[in-house]
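Enquirer: Next comes the structure file query_39.txt, holding compact mmCIF, N, CA and C atoms.
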```txt
# COMPACT_ATOMS: atom_id res chain seq x y z
N MET A 1 11.34 207.47 49.03
CA MET A 1 12.23 207.62 47.92
C MET A 1 13.60 207.15 48.37
N HIS A 2 14.32 206.47 47.49
CA HIS A 2 15.64 205.97 47.80
C HIS A 2 16.68 206.78 47.04
N VAL A 3 17.85 206.92 47.63
CA VAL A 3 19.01 207.46 46.93
C VAL A 3 20.00 206.33 46.89
N PHE A 4 20.45 205.95 45.70
CA PHE A 4 21.32 204.80 45.56
C PHE A 4 22.69 205.21 45.07
N SER A 5 23.70 204.52 45.56
CA SER A 5 25.04 204.58 44.97
C SER A 5 25.18 203.29 44.19
N ILE A 6 25.53 203.39 42.91
CA ILE A 6 25.56 202.22 42.05
C ILE A 6 26.98 202.00 41.56
N ALA A 7 27.43 200.75 41.65
CA ALA A 7 28.74 200.40 41.11
C ALA A 7 28.61 200.38 39.59
N GLN A 8 29.42 201.15 38.89
CA GLN A 8 29.33 201.26 37.44
C GLN A 8 30.22 200.23 36.74
N SER A 9 29.76 199.69 35.64
CA SER A 9 30.53 198.81 34.78
C SER A 9 30.11 199.11 33.36
N GLU A 10 30.82 198.52 32.40
CA GLU A 10 30.45 198.75 31.00
C GLU A 10 29.01 198.29 30.76
N GLU A 11 28.66 197.17 31.38
CA GLU A 11 27.33 196.61 31.20
C GLU A 11 26.24 197.54 31.74
N SER A 12 26.57 198.32 32.76
CA SER A 12 25.55 199.14 33.41
C SER A 12 25.34 200.49 32.73
N CYS A 13 25.85 200.67 31.53
CA CYS A 13 25.67 201.94 30.82
C CYS A 13 24.25 202.09 30.28
N SER A 14 23.58 200.99 30.05
CA SER A 14 22.21 201.02 29.53
C SER A 14 21.26 201.54 30.59
N PRO A 15 20.36 202.47 30.21
CA PRO A 15 19.37 202.95 31.19
C PRO A 15 18.49 201.82 31.72
N TRP A 16 18.13 200.85 30.85
CA TRP A 16 17.30 199.74 31.30
C TRP A 16 18.06 198.91 32.32
N TYR A 17 19.35 198.67 32.05
CA TYR A 17 20.15 197.89 33.00
C TYR A 17 20.15 198.59 34.36
N ASN A 18 20.43 199.88 34.35
CA ASN A 18 20.47 200.63 35.60
C ASN A 18 19.15 200.56 36.33
N PHE A 19 18.07 200.71 35.59
CA PHE A 19 16.74 200.73 36.22
C PHE A 19 16.38 199.39 36.83
N PHE A 20 16.56 198.30 36.09
CA PHE A 20 16.10 197.01 36.54
C PHE A 20 17.07 196.29 37.47
N HIS A 21 18.31 196.72 37.50
CA HIS A 21 19.30 196.01 38.30
C HIS A 21 19.83 196.82 39.47
N MET A 22 19.19 197.95 39.76
CA MET A 22 19.64 198.78 40.87
C MET A 22 19.74 198.00 42.16
N SER A 23 18.72 197.22 42.45
CA SER A 23 18.71 196.52 43.73
C SER A 23 19.81 195.48 43.81
N LYS A 24 20.25 194.93 42.68
CA LYS A 24 21.29 193.91 42.69
C LYS A 24 22.67 194.51 42.90
N VAL A 25 22.89 195.72 42.42
CA VAL A 25 24.22 196.34 42.53
C VAL A 25 24.23 197.45 43.57
N MET A 26 23.22 197.49 44.39
CA MET A 26 23.10 198.57 45.37
C MET A 26 24.23 198.45 46.39
N VAL A 27 24.91 199.55 46.62
CA VAL A 27 25.96 199.58 47.61
C VAL A 27 25.40 200.08 48.94
N LYS A 28 24.66 201.17 48.90
CA LYS A 28 24.03 201.66 50.12
C LYS A 28 22.70 202.30 49.76
N SER A 29 21.83 202.36 50.72
CA SER A 29 20.52 202.94 50.53
C SER A 29 20.25 203.92 51.66
N THR A 30 19.80 205.11 51.32
CA THR A 30 19.44 206.11 52.31
C THR A 30 17.99 206.50 52.05
N TYR A 31 17.17 206.44 53.09
CA TYR A 31 15.77 206.77 52.93
C TYR A 31 15.56 208.26 53.14
N GLN A 32 14.74 208.85 52.30
CA GLN A 32 14.38 210.24 52.43
C GLN A 32 12.86 210.32 52.61
N LYS A 33 12.41 211.44 53.10
CA LYS A 33 10.97 211.63 53.27
C LYS A 33 10.29 211.62 51.90
N SER A 34 9.22 210.87 51.81
CA SER A 34 8.47 210.75 50.56
C SER A 34 7.18 211.55 50.66
N PRO A 35 6.79 212.24 49.59
CA PRO A 35 5.51 212.94 49.62
C PRO A 35 4.32 211.99 49.63
N PHE A 36 4.53 210.73 49.27
CA PHE A 36 3.42 209.78 49.21
C PHE A 36 2.82 209.52 50.59
N ARG A 37 3.63 209.56 51.63
CA ARG A 37 3.08 209.39 52.97
C ARG A 37 2.06 210.49 53.26
N GLU A 38 2.39 211.71 52.89
CA GLU A 38 1.47 212.83 53.10
C GLU A 38 0.21 212.63 52.26
N TYR A 39 0.37 212.22 51.00
CA TYR A 39 -0.80 211.98 50.14
C TYR A 39 -1.72 210.92 50.76
N PHE A 40 -1.12 209.82 51.22
CA PHE A 40 -1.92 208.74 51.79
C PHE A 40 -2.61 209.17 53.07
N ASN A 41 -1.98 210.00 53.88
CA ASN A 41 -2.61 210.51 55.09
C ASN A 41 -3.84 211.35 54.75
N ILE A 42 -3.72 212.20 53.75
CA ILE A 42 -4.85 213.02 53.32
C ILE A 42 -5.98 212.14 52.79
N LEU A 43 -5.62 211.15 51.97
CA LEU A 43 -6.63 210.24 51.41
C LEU A 43 -7.27 209.39 52.50
N SER A 44 -6.49 209.01 53.50
CA SER A 44 -7.05 208.23 54.61
C SER A 44 -8.16 209.00 55.31
N ASP A 45 -7.93 210.30 55.51
CA ASP A 45 -8.97 211.13 56.12
C ASP A 45 -10.18 211.27 55.19
N ALA A 46 -9.93 211.43 53.91
CA ALA A 46 -11.02 211.60 52.94
C ALA A 46 -11.87 210.34 52.82
N ASP A 47 -11.25 209.18 52.95
CA ASP A 47 -11.95 207.91 52.75
C ASP A 47 -12.48 207.30 54.05
N LYS A 48 -12.32 207.98 55.15
CA LYS A 48 -12.71 207.45 56.46
C LYS A 48 -14.18 207.02 56.45
N GLY A 49 -14.41 205.79 56.88
CA GLY A 49 -15.78 205.30 56.99
C GLY A 49 -16.32 204.63 55.75
N SER A 50 -15.76 204.91 54.60
CA SER A 50 -16.31 204.32 53.37
C SER A 50 -15.35 203.33 52.72
N ARG A 51 -14.13 203.28 53.17
CA ARG A 51 -13.10 202.44 52.55
C ARG A 51 -13.47 200.97 52.51
N ASP A 52 -14.14 200.48 53.54
CA ASP A 52 -14.41 199.05 53.65
C ASP A 52 -15.69 198.60 52.97
N SER A 53 -16.47 199.52 52.42
CA SER A 53 -17.70 199.09 51.77
C SER A 53 -17.38 198.43 50.43
N LYS A 54 -18.20 197.45 50.06
CA LYS A 54 -17.97 196.71 48.81
C LYS A 54 -18.10 197.61 47.59
N GLU A 55 -18.95 198.61 47.67
CA GLU A 55 -19.20 199.49 46.53
C GLU A 55 -18.10 200.52 46.33
N TYR A 56 -17.27 200.74 47.32
CA TYR A 56 -16.31 201.83 47.25
C TYR A 56 -15.28 201.63 46.14
N GLY A 57 -14.81 200.41 45.93
CA GLY A 57 -13.88 200.13 44.84
C GLY A 57 -14.49 200.46 43.48
N SER A 58 -15.75 200.09 43.30
CA SER A 58 -16.45 200.41 42.05
C SER A 58 -16.58 201.91 41.86
N MET A 59 -16.87 202.60 42.95
CA MET A 59 -17.01 204.05 42.90
C MET A 59 -15.67 204.70 42.50
N LEU A 60 -14.56 204.16 43.02
CA LEU A 60 -13.24 204.72 42.69
C LEU A 60 -12.87 204.45 41.22
N ILE A 61 -13.23 203.28 40.72
CA ILE A 61 -12.97 202.97 39.30
C ILE A 61 -13.76 203.93 38.41
N LEU A 62 -15.01 204.16 38.73
CA LEU A 62 -15.81 205.11 37.95
C LEU A 62 -15.23 206.52 38.03
N SER A 63 -14.73 206.89 39.18
CA SER A 63 -14.09 208.20 39.34
C SER A 63 -12.85 208.30 38.45
N LEU A 64 -12.06 207.24 38.39
CA LEU A 64 -10.87 207.22 37.54
C LEU A 64 -11.24 207.37 36.07
N VAL A 65 -12.25 206.64 35.63
CA VAL A 65 -12.70 206.73 34.24
C VAL A 65 -13.19 208.15 33.94
N GLU A 66 -13.91 208.74 34.87
CA GLU A 66 -14.39 210.11 34.69
C GLU A 66 -13.21 211.08 34.54
N GLU A 67 -12.20 210.92 35.37
CA GLU A 67 -11.03 211.81 35.31
C GLU A 67 -10.27 211.65 34.00
N ILE A 68 -10.17 210.43 33.51
CA ILE A 68 -9.51 210.20 32.22
C ILE A 68 -10.29 210.88 31.10
N GLY A 69 -11.61 210.78 31.16
CA GLY A 69 -12.46 211.47 30.17
C GLY A 69 -12.28 212.98 30.22
N GLU A 70 -12.18 213.52 31.43
CA GLU A 70 -11.99 214.96 31.56
C GLU A 70 -10.62 215.39 31.02
N MET A 71 -9.59 214.57 31.26
CA MET A 71 -8.27 214.92 30.72
C MET A 71 -8.28 214.86 29.20
N ALA A 72 -8.92 213.85 28.64
CA ALA A 72 -9.01 213.73 27.18
C ALA A 72 -9.74 214.93 26.59
N ARG A 73 -10.82 215.32 27.22
CA ARG A 73 -11.60 216.49 26.76
C ARG A 73 -10.74 217.76 26.78
N ALA A 74 -10.02 217.95 27.88
CA ALA A 74 -9.17 219.14 28.01
C ALA A 74 -8.03 219.12 26.99
N TYR A 75 -7.44 217.95 26.77
CA TYR A 75 -6.34 217.85 25.81
C TYR A 75 -6.83 218.13 24.39
N LEU A 76 -7.94 217.51 24.04
CA LEU A 76 -8.49 217.72 22.70
C LEU A 76 -8.93 219.16 22.50
N ALA A 77 -9.40 219.81 23.55
CA ALA A 77 -9.79 221.22 23.44
C ALA A 77 -8.58 222.08 23.11
N GLU A 78 -7.43 221.71 23.63
CA GLU A 78 -6.23 222.52 23.40
C GLU A 78 -5.44 222.08 22.17
N HIS A 79 -5.35 220.78 21.93
CA HIS A 79 -4.46 220.28 20.87
C HIS A 79 -5.14 219.48 19.78
N GLY A 80 -6.34 219.07 20.01
CA GLY A 80 -6.93 218.10 19.10
C GLY A 80 -7.97 218.65 18.17
N ARG A 81 -8.93 217.80 17.89
CA ARG A 81 -9.97 218.11 16.91
C ARG A 81 -11.01 219.08 17.45
N LYS A 82 -11.01 219.35 18.72
CA LYS A 82 -12.09 220.15 19.31
C LYS A 82 -11.57 221.49 19.84
N LYS A 83 -10.74 222.15 19.08
CA LYS A 83 -10.17 223.42 19.54
C LYS A 83 -11.22 224.52 19.69
N THR A 84 -12.38 224.32 19.10
CA THR A 84 -13.44 225.34 19.20
C THR A 84 -14.34 225.12 20.41
N ASN A 85 -14.08 224.09 21.20
CA ASN A 85 -14.88 223.79 22.38
C ASN A 85 -14.46 224.73 23.51
N ILE A 86 -15.09 225.89 23.56
CA ILE A 86 -14.75 226.93 24.54
C ILE A 86 -15.03 226.47 25.97
N ALA A 87 -16.12 225.74 26.18
CA ALA A 87 -16.45 225.26 27.54
C ALA A 87 -15.33 224.38 28.09
N ALA A 88 -14.81 223.48 27.26
CA ALA A 88 -13.72 222.61 27.71
C ALA A 88 -12.46 223.41 27.97
N GLN A 89 -12.21 224.43 27.17
CA GLN A 89 -11.02 225.24 27.36
C GLN A 89 -11.09 226.04 28.65
N ASN A 90 -12.28 226.38 29.11
CA ASN A 90 -12.45 227.13 30.35
C ASN A 90 -12.38 226.26 31.60
N ASP A 91 -12.46 224.94 31.43
CA ASP A 91 -12.33 224.02 32.56
C ASP A 91 -10.85 223.85 32.89
N GLU A 92 -10.56 222.87 33.70
CA GLU A 92 -9.17 222.62 34.06
C GLU A 92 -8.36 222.17 32.85
N THR A 93 -7.05 222.44 32.89
CA THR A 93 -6.16 222.03 31.81
C THR A 93 -5.93 220.52 31.90
N TYR A 94 -5.42 219.94 30.82
CA TYR A 94 -5.15 218.51 30.86
C TYR A 94 -4.04 218.20 31.85
N GLN A 95 -3.13 219.15 32.11
CA GLN A 95 -2.10 218.93 33.11
C GLN A 95 -2.73 218.83 34.51
N GLN A 96 -3.71 219.68 34.78
CA GLN A 96 -4.42 219.62 36.07
C GLN A 96 -5.22 218.32 36.18
N GLU A 97 -5.83 217.92 35.09
CA GLU A 97 -6.61 216.68 35.08
C GLU A 97 -5.71 215.47 35.32
N LEU A 98 -4.48 215.53 34.83
CA LEU A 98 -3.54 214.43 35.07
C LEU A 98 -3.30 214.26 36.56
N GLY A 99 -3.21 215.34 37.30
CA GLY A 99 -3.09 215.26 38.75
C GLY A 99 -4.29 214.56 39.37
N ASP A 100 -5.48 214.86 38.86
CA ASP A 100 -6.70 214.19 39.36
C ASP A 100 -6.64 212.69 39.09
N ILE A 101 -6.11 212.31 37.93
CA ILE A 101 -5.99 210.89 37.58
C ILE A 101 -5.03 210.20 38.54
N LEU A 102 -3.89 210.85 38.80
CA LEU A 102 -2.92 210.25 39.72
C LEU A 102 -3.50 210.07 41.12
N VAL A 103 -4.24 211.05 41.58
CA VAL A 103 -4.87 210.94 42.90
C VAL A 103 -5.89 209.79 42.89
N SER A 104 -6.64 209.65 41.82
CA SER A 104 -7.61 208.55 41.71
C SER A 104 -6.90 207.20 41.76
N ILE A 105 -5.77 207.09 41.08
CA ILE A 105 -5.00 205.84 41.09
C ILE A 105 -4.44 205.56 42.49
N LEU A 106 -3.87 206.58 43.11
CA LEU A 106 -3.34 206.41 44.47
C LEU A 106 -4.45 205.97 45.43
N ARG A 107 -5.58 206.59 45.30
CA ARG A 107 -6.71 206.31 46.19
C ARG A 107 -7.18 204.87 46.02
N PHE A 108 -7.33 204.43 44.78
CA PHE A 108 -7.77 203.07 44.51
C PHE A 108 -6.74 202.06 45.03
N ALA A 109 -5.46 202.32 44.75
CA ALA A 109 -4.40 201.42 45.20
C ALA A 109 -4.37 201.33 46.73
N ARG A 110 -4.55 202.45 47.38
CA ARG A 110 -4.53 202.47 48.84
C ARG A 110 -5.70 201.68 49.43
N VAL A 111 -6.89 201.90 48.87
CA VAL A 111 -8.08 201.23 49.38
C VAL A 111 -8.02 199.72 49.13
N LYS A 112 -7.47 199.32 48.01
CA LYS A 112 -7.41 197.90 47.65
C LYS A 112 -6.08 197.24 48.02
N ASN A 113 -5.23 197.96 48.77
CA ASN A 113 -3.94 197.43 49.22
C ASN A 113 -3.09 196.90 48.07
N ILE A 114 -2.97 197.70 47.03
CA ILE A 114 -2.17 197.34 45.86
C ILE A 114 -0.80 198.01 46.00
N ASN A 115 0.25 197.23 45.88
CA ASN A 115 1.61 197.75 45.95
C ASN A 115 1.93 198.37 44.59
N LEU A 116 1.91 199.69 44.52
CA LEU A 116 2.12 200.37 43.23
C LEU A 116 3.53 200.18 42.70
N HIS A 117 4.51 200.10 43.57
CA HIS A 117 5.87 199.86 43.10
C HIS A 117 5.94 198.53 42.35
N ASP A 118 5.36 197.47 42.93
CA ASP A 118 5.36 196.17 42.25
C ASP A 118 4.62 196.23 40.92
N ARG A 119 3.49 196.92 40.88
CA ARG A 119 2.70 197.00 39.65
C ARG A 119 3.45 197.80 38.58
N ILE A 120 4.11 198.88 38.99
CA ILE A 120 4.88 199.70 38.03
C ILE A 120 6.06 198.90 37.49
N MET A 121 6.76 198.19 38.36
CA MET A 121 7.90 197.38 37.90
C MET A 121 7.43 196.28 36.95
N TYR A 122 6.27 195.68 37.24
CA TYR A 122 5.70 194.67 36.35
C TYR A 122 5.43 195.26 34.96
N SER A 123 4.83 196.44 34.93
CA SER A 123 4.51 197.09 33.66
C SER A 123 5.77 197.50 32.91
N LEU A 124 6.76 198.00 33.62
CA LEU A 124 8.01 198.38 32.96
C LEU A 124 8.74 197.16 32.41
N THR A 125 8.64 196.04 33.09
CA THR A 125 9.23 194.80 32.59
C THR A 125 8.54 194.36 31.31
N LYS A 126 7.20 194.52 31.25
CA LYS A 126 6.46 194.19 30.02
C LYS A 126 6.93 195.08 28.87
N ILE A 127 7.09 196.37 29.13
CA ILE A 127 7.54 197.30 28.09
C ILE A 127 8.92 196.89 27.59
N LYS A 128 9.81 196.57 28.51
CA LYS A 128 11.16 196.15 28.13
C LYS A 128 11.09 194.89 27.28
N GLY A 129 10.25 193.94 27.69
CA GLY A 129 10.10 192.70 26.93
C GLY A 129 9.59 192.94 25.52
N ARG A 130 8.67 193.87 25.37
CA ARG A 130 8.14 194.19 24.04
C ARG A 130 9.21 194.85 23.17
N GLN A 131 10.07 195.65 23.77
CA GLN A 131 11.13 196.29 23.01
C GLN A 131 12.18 195.27 22.57
N GLU A 132 12.47 194.32 23.44
CA GLU A 132 13.48 193.33 23.12
C GLU A 132 12.95 192.24 22.19
N ASN A 133 11.65 191.96 22.27
CA ASN A 133 11.02 190.92 21.45
C ASN A 133 9.75 191.45 20.81
N PRO A 134 9.87 192.38 19.84
CA PRO A 134 8.67 192.96 19.24
C PRO A 134 7.88 191.90 18.44
N LYS A 135 6.55 192.10 18.40
CA LYS A 135 5.71 191.21 17.60
C LYS A 135 6.01 191.49 16.14
N VAL A 136 6.06 190.45 15.37
CA VAL A 136 6.37 190.59 13.94
C VAL A 136 5.12 190.66 13.12
```
What's the structure tokens form of this structure?
Expert:
Amino acid sequence: MHVFSIAQSEESCSPWYNFFHMSKVMVKSTYQKSPFREYFNILSDADKGSRDSKEYGSMLILSLVEEIGEMARAYLAEHGRKKTNIAAQNDETYQQELGDILVSILRFARVKNINLHDRIMYSLTKIKGRQENPKV
């Protein structure tokens, strides 16, 4: 995680400007301990021996899809059309399932050497582009 000091200007009042231009106006950067290192260490132990198999990526994708389904089920049990589904209500909450989804994403990214920061910035740039140039 980085802590940044940012030079402020009238132009930099926009949250999007601040987000996308931090690195350009960065004055100093101080590194702090990130919890992601700990997460990756735990996942490294969990994936030991199976990370390099060709099937492992497919297995992780299926795990992610399963977790998304479980979160949807839990959410719908609490807020949606299936409020009478007692079995789903007794399982994990959708907030807990969201944690499972994040771990599945971290695990897949780690195994496939995907830079999540780059992928997140790419997606945020797409969102910004859609806001600035909406489809008519």
Enquirer: Work out how far CA of Gly69 in chain A is from CA of Met121 in chain A, in Å to one decimal.
Expert: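 Taking CA of Met121 in chain A as the start and CA of Gly69 in chain A as the end point, the length is 25.9 Å.
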Enquirer: Expressed in Å to a single decimal, how great is the separation between CA of Ile120 in chain A and CA of Gly80 in chain A?
Expert: 28.9 Å
Enquirer: Write out as a list in words which residues come within 9 Å of range 37-46 of chain A when counting only C-alpha atoms, dropping same-chain ones fewer than 5 positions away.
Expert: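 With the cut-off at 9 Å, the set is Arg51, Val103, Leu106, Arg107, Arg110 and Val111 of chain A.
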Enquirer: I need the residue nearest Leu102 in chain A from this list: A:Tyr56, A:Thr125, A:Leu64, A:Arg73. Use only N, CA and C atoms for the distance.
Expert: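 Smallest distance to Leu102 in chain A is found for A:Leu64.
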Enquirer: In Å, with one decimal, what is the gap from atom C of Glu67 in chain A to CA of Lys112 in chain A?
Expert: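 One can read the atom C of Glu67 in chain A to CA of Lys112 in chain A distance as 19.6 Å.
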Enquirer: Using only N, CA and C atoms, which of the listed residues (A:Asn133, A:Tyr75, A:His117, A:Phe108) sits closest to Gly57 in chain A?
Expert: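 Distance minimum relative to Gly57 in chain A lands on A:Phe108.
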Enquirer: Kindly indicate which residue among A:Asp47, A:Leu116, A:Val136, A:Ala74 lies nearest to Tyr94 in chain A, using all atoms listed in the file for the distances.
Expert: A:Ala74
Enquirer: Taking only C-alpha atoms into account, name the residue in A:Asp100, A:Glu132, A:Glu78, A:Asp91 that is nearest to Ser63 in chain A.
Expert: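 Using only C-alpha atoms, the shortest distance to Ser63 in chain A belongs to A:Asp100.
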Enquirer: Determine which residues of range 60-134 of chain A DSSP labels as helix (DSSP H, G or I) from the backbone of this structure, then write them out as a VMD selection string.
Expert: chain A and resid 60 to 79 86 to 90 94 to 111 116 to 132
